[in-house]
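Single-structure report; data block below.
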Amino acid sequence: MKFTATASAHPNIAFIKYWGNRDDNPHLPANSSLSMNLEGLTTTTTVCFDERLKSDVLILNKEGITGEGFQRVHKFLNHIRQLASKSTYAQLESVNNFPTGAGLASSASAYAALALAATRALGLELTEKELSRLARRGSGSACRSVPAGFVEWQAGEDDSDSYAFSIASPEHWGLVDCIALVNRSHKKFSSWQGHRLAATSPLQSARVKDCQRRLRLCKEAILEKDFKKFAEVVELDSNLLHAVMMSSQPALLYWEPATIEIMKAVIYWRETGLAVCYTLDAGPNVHVICRSSLKDETKERLLNLRGVKDVIAAKPGGGVKLIE
Ligand code: DP6
């Protein structure tokens, strides 16, 4: 017997970042976070539980995956099998239409799509909240790719109340994330390793302590569509994240020379009248956020900077969805 389902999800860009876990198992974050799903960037995953399989099989972008990446997926599937009281192994085929592991948070869309496809294939119908809690166990930021549009992940007290929900629909505010790619290669430190180092930085406790205030400001800015207020808090939060990364032991420095060139250009453009701001995840690429009316201008300016290899533009995206 075979049980199959296919789902797709978008990655998300965090405006208020998640960094560091209070508890690794079952993945409870040090702080709440806030993000926007990225339309057009998509992970599509087909899961097929097949009684003839002797182990799980993972194929990512047509390549078989073993090692750490596979072990993480296998553990996640074990949890889902336990929920469904099943023991059948599965073959997973996952395709990203964007570069994997280059700081574009592919694990977020991957685990959101996998959570939906695997549960449906086994006949489980989870609510959005349950699905978000489940995706969180695979990758923290994946819980934010489950609901649509602008999304808050409340840190919560325990497994039952650490999940993400939508604070505004994708249509609410026409923002665009112009992702300036400076490097398409795989990152040296995965965010999984980074989260473990967060507590070694003397700045992490200060970042976490002030987080609810930043989250409140960012949420207000989004609901009021106040770009000035938004830009201030988003850049502050990104700078705090990277200050923690740089002061961890060992230090994590994700920036390339081009990363700094872009951040400085963005600040200058804003000072001279173009409403843009930057935010960076665990990688050298820079997410430059603007209103949709400024997309072409922002893209063109970014492409004229020496270190920018390409720009991918994404507007607010929907939540995880079942394809078949
Ligand atoms: C810097 O969710 O990728 O992008 O839970 O270990 O999979 P794991 O980490 P992940 O971490 C995301 C870190 C970040 C900030 C963010 O997206 O909030």
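A note on labels: chains of the structure tokens are A, B, ... as shown, every chain counts residues from 1, and ligands are counted from 1 in their shown order.
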Enumerate, in order of chain and increasing residue number, the residues of chain A with an atom no farther than 9 Å from ligand 1, each with its shortest atom pair and distance in Å to one decimal, counting only C-alpha atoms and all ligand atoms, as a Markdown table.
```
| residue | atom | partner | partner_atom_place_in_ligand_line | distance |
| --- | --- | --- | --- | --- |
| A:Asn12 | CA | ligand 1 | 17 (O) | 7.2 |
| A:Ile13 | CA | ligand 1 | 17 (O) | 6.1 |
| A:Ala14 | CA | ligand 1 | 18 (O) | 4.8 |
| A:Phe15 | CA | ligand 1 | 18 (O) | 7.6 |
| A:Ile16 | CA | ligand 1 | 18 (O) | 6.6 |
| A:Lys17 | CA | ligand 1 | 18 (O) | 3.7 |
| A:Tyr18 | CA | ligand 1 | 18 (O) | 3.6 |
| A:Trp19 | CA | ligand 1 | 13 (C) | 5.7 |
| A:Gly20 | CA | ligand 1 | 11 (O) | 8.4 |
| A:Asn21 | CA | ligand 1 | 5 (O) | 8.3 |
| A:Asp24 | CA | ligand 1 | 5 (O) | 8.8 |
| A:His27 | CA | ligand 1 | 5 (O) | 7.1 |
| A:Pro29 | CA | ligand 1 | 5 (O) | 8.4 |
| A:Ser32 | CA | ligand 1 | 18 (O) | 8.9 |
| A:Ser33 | CA | ligand 1 | 18 (O) | 6.1 |
| A:Leu34 | CA | ligand 1 | 18 (O) | 7.4 |
| A:Ser35 | CA | ligand 1 | 18 (O) | 7.4 |
| A:Gly103 | CA | ligand 1 | 4 (O) | 7.2 |
| A:Leu104 | CA | ligand 1 | 4 (O) | 7.9 |
| A:Ala105 | CA | ligand 1 | 3 (O) | 5.7 |
| A:Ser106 | CA | ligand 1 | 3 (O) | 7.7 |
| A:Ser107 | CA | ligand 1 | 3 (O) | 5.8 |
| A:Ala108 | CA | ligand 1 | 2 (O) | 6.1 |
| A:Tyr111 | CA | ligand 1 | 7 (O) | 8.8 |
| A:Arg136 | CA | ligand 1 | 5 (O) | 7.2 |
| A:Arg137 | CA | ligand 1 | 5 (O) | 7.7 |
| A:Gly138 | CA | ligand 1 | 7 (O) | 6.7 |
| A:Ser139 | CA | ligand 1 | 7 (O) | 3.5 |
| A:Gly140 | CA | ligand 1 | 5 (O) | 3.5 |
| A:Ser141 | CA | ligand 1 | 2 (O) | 3.6 |
| A:Ala142 | CA | ligand 1 | 2 (O) | 6.2 |
| A:Cys143 | CA | ligand 1 | 2 (O) | 8.5 |
| A:Arg144 | CA | ligand 1 | 17 (O) | 8.8 |
| A:Ser190 | CA | ligand 1 | 6 (O) | 7.4 |
| A:Ser191 | CA | ligand 1 | 9 (O) | 4.8 |
| A:Trp192 | CA | ligand 1 | 6 (O) | 3.4 |
| A:Gln193 | CA | ligand 1 | 6 (O) | 7.2 |
| A:Gly194 | CA | ligand 1 | 6 (O) | 7.8 |
| A:His195 | CA | ligand 1 | 6 (O) | 6.5 |
| A:Arg196 | CA | ligand 1 | 6 (O) | 8.8 |
| A:Ser238 | CA | ligand 1 | 1 (C) | 8.8 |
| A:Leu241 | CA | ligand 1 | 1 (C) | 7.5 |
| A:His242 | CA | ligand 1 | 1 (C) | 8.9 |
| A:Leu280 | CA | ligand 1 | 1 (C) | 7.4 |
| A:Asp281 | CA | ligand 1 | 1 (C) | 4.0 |
| A:Ala282 | CA | ligand 1 | 1 (C) | 4.5 |
| A:Gly283 | CA | ligand 1 | 1 (C) | 8.0 |
```
Just write the chosen residues, C-alpha atoms, as a tab-separated table (two decimals), in the first residue's frame.
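Everything below was put into result06.tsv:
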```
chain	number	residue	atom	x	y	z
A	12	ASN	CA	9.79	33.71	5.01
A	13	ILE	CA	11.92	36.71	5.91
A	14	ALA	CA	11.97	37.61	9.60
A	15	PHE	CA	11.67	41.29	10.50
A	16	ILE	CA	12.06	40.43	14.20
A	17	LYS	CA	14.48	37.52	14.33
A	18	TYR	CA	14.47	34.18	16.09
A	19	TRP	CA	17.95	33.31	17.40
A	20	GLY	CA	18.72	30.84	20.16
A	21	ASN	CA	16.54	28.16	21.76
A	24	ASP	CA	16.26	22.23	21.70
A	27	HIS	CA	12.40	23.43	19.75
A	29	PRO	CA	12.76	29.70	20.94
A	32	SER	CA	9.04	35.60	19.75
A	33	SER	CA	9.56	36.64	16.12
A	34	LEU	CA	7.72	38.24	13.18
A	35	SER	CA	8.02	37.56	9.46
A	103	GLY	CA	20.55	32.38	3.65
A	104	LEU	CA	17.12	32.20	2.01
A	105	ALA	CA	15.74	30.02	4.80
A	106	SER	CA	15.01	26.93	2.71
A	107	SER	CA	14.47	24.88	5.87
A	108	ALA	CA	11.41	27.01	6.68
A	111	TYR	CA	9.53	21.67	6.91
A	136	ARG	CA	8.42	24.10	14.44
A	137	ARG	CA	9.89	20.77	15.56
A	138	GLY	CA	11.58	20.40	12.16
A	139	SER	CA	12.90	23.95	11.88
A	140	GLY	CA	11.93	26.88	14.10
A	141	SER	CA	11.25	29.35	11.31
A	142	ALA	CA	9.14	26.72	9.48
A	143	CYS	CA	6.27	27.33	11.90
A	144	ARG	CA	6.03	30.85	10.40
A	190	SER	CA	24.03	26.28	9.64
A	191	SER	CA	21.54	28.25	11.72
A	192	TRP	CA	21.13	25.07	13.76
A	193	GLN	CA	24.75	25.45	14.96
A	194	GLY	CA	24.28	29.21	15.34
A	195	HIS	CA	21.29	28.85	17.67
A	196	ARG	CA	23.47	26.77	20.01
A	238	SER	CA	18.90	42.76	12.20
A	241	LEU	CA	21.09	39.66	15.60
A	242	HIS	CA	24.44	40.14	13.85
A	280	LEU	CA	19.92	39.93	7.01
A	281	ASP	CA	19.53	36.32	8.12
A	282	ALA	CA	22.32	33.80	8.73
A	283	GLY	CA	24.04	34.48	5.42
```
message: I want to know what sits within 9 Å of Asp159 of chain A, based on only C-alpha atoms, with residues of the same chain fewer than 3 positions away left out; could you give that as a VMD selection string?
response: chain A and resid 26 to 28 133 156 162 to 163
With C-alpha atoms retained, export the selected residues as a PDB file, in the first residue's frame.
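Output (again.pdb):
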```
ATOM      1  CA  PRO A  26      10.908  20.266  21.213  1.00  0.00           C
ATOM      2  CA  HIS A  27      12.399  23.433  19.748  1.00  0.00           C
ATOM      3  CA  LEU A  28      11.257  26.330  21.944  1.00  0.00           C
ATOM      4  CA  ARG A 133       3.562  23.571  16.149  1.00  0.00           C
ATOM      5  CA  GLY A 156       5.050  30.480  24.297  1.00  0.00           C
ATOM      6  CA  SER A 162       4.659  27.945  20.788  1.00  0.00           C
ATOM      7  CA  TYR A 163       3.210  28.439  17.298  1.00  0.00           C
TER       8      TYR A 163
END
```
field: Exercise: Ser145 of chain A partners within 7 Å, only C-alpha atoms, chain neighbours under 6 positions left out, as a ChimeraX atom specification
entry: /A:9-12,37,108-109,112,319-320
Produce a file of the selected residues containing N, CA and C atoms, as a PDB file, in the first residue's frame.
```pdb
ATOM      1  N   ALA A   9       5.141  25.297   0.042  1.00  0.00           N
ATOM      2  CA  ALA A   9       5.226  26.390   1.020  1.00  0.00           C
ATOM      3  C   ALA A   9       6.279  27.387   0.565  1.00  0.00           C
ATOM      4  N   HIS A  10       6.158  28.600   1.080  1.00  0.00           N
ATOM      5  CA  HIS A  10       7.143  29.643   0.776  1.00  0.00           C
ATOM      6  C   HIS A  10       8.078  29.809   1.970  1.00  0.00           C
ATOM      7  N   PRO A  11       9.329  30.225   1.700  1.00  0.00           N
ATOM      8  CA  PRO A  11      10.173  30.634   2.832  1.00  0.00           C
ATOM      9  C   PRO A  11       9.648  31.952   3.390  1.00  0.00           C
ATOM     10  N   ASN A  12      10.218  32.416   4.476  1.00  0.00           N
ATOM     11  CA  ASN A  12       9.788  33.713   5.014  1.00  0.00           C
ATOM     12  C   ASN A  12      11.010  34.520   5.402  1.00  0.00           C
ATOM     13  N   ASN A  37       5.899  35.926   4.560  1.00  0.00           N
ATOM     14  CA  ASN A  37       6.149  34.845   3.608  1.00  0.00           C
ATOM     15  C   ASN A  37       6.533  35.434   2.258  1.00  0.00           C
ATOM     16  N   ALA A 108      12.741  26.557   6.267  1.00  0.00           N
ATOM     17  CA  ALA A 108      11.407  27.009   6.676  1.00  0.00           C
ATOM     18  C   ALA A 108      10.342  26.465   5.727  1.00  0.00           C
ATOM     19  N   SER A 109      10.526  26.695   4.419  1.00  0.00           N
ATOM     20  CA  SER A 109       9.531  26.204   3.465  1.00  0.00           C
ATOM     21  C   SER A 109       9.565  24.680   3.403  1.00  0.00           C
ATOM     22  N   ALA A 112       7.684  23.229   6.477  1.00  0.00           N
ATOM     23  CA  ALA A 112       6.257  23.556   6.425  1.00  0.00           C
ATOM     24  C   ALA A 112       5.569  22.655   5.397  1.00  0.00           C
ATOM     25  N   GLY A 319       0.090  30.958   2.743  1.00  0.00           N
ATOM     26  CA  GLY A 319       0.563  29.925   3.659  1.00  0.00           C
ATOM     27  C   GLY A 319       0.802  28.609   2.935  1.00  0.00           C
ATOM     28  N   VAL A 320       1.101  27.587   3.732  1.00  0.00           N
ATOM     29  CA  VAL A 320       1.355  26.260   3.165  1.00  0.00           C
ATOM     30  C   VAL A 320       0.080  25.749   2.497  1.00  0.00           C
TER      31      VAL A 320
END
```
field: Those in segment 40-278 of chain A with alpha helix (DSSP H) from DSSP, as a PyMOL selection string
entry: chain A and resi 67-84+106-121+128-138+191-197+204-209+211-224+227-246+257-271
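Taking only C-alpha atoms, the non-local environment of Val182 of chain A within 7 Å (same-chain residues fewer than 4 positions away omitted) comprises Ala258, Pro284, Asn285, Gly307, Val308 and Lys309 of chain A.
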- prompt: If we count only C-alpha atoms, what is near Lys54 of chain A at a cut-off of 10 Å, once residues fewer than 4 positions away on the same chain are taken out, given as a ChimeraX atom specification?
  reply: /A:50,88-90
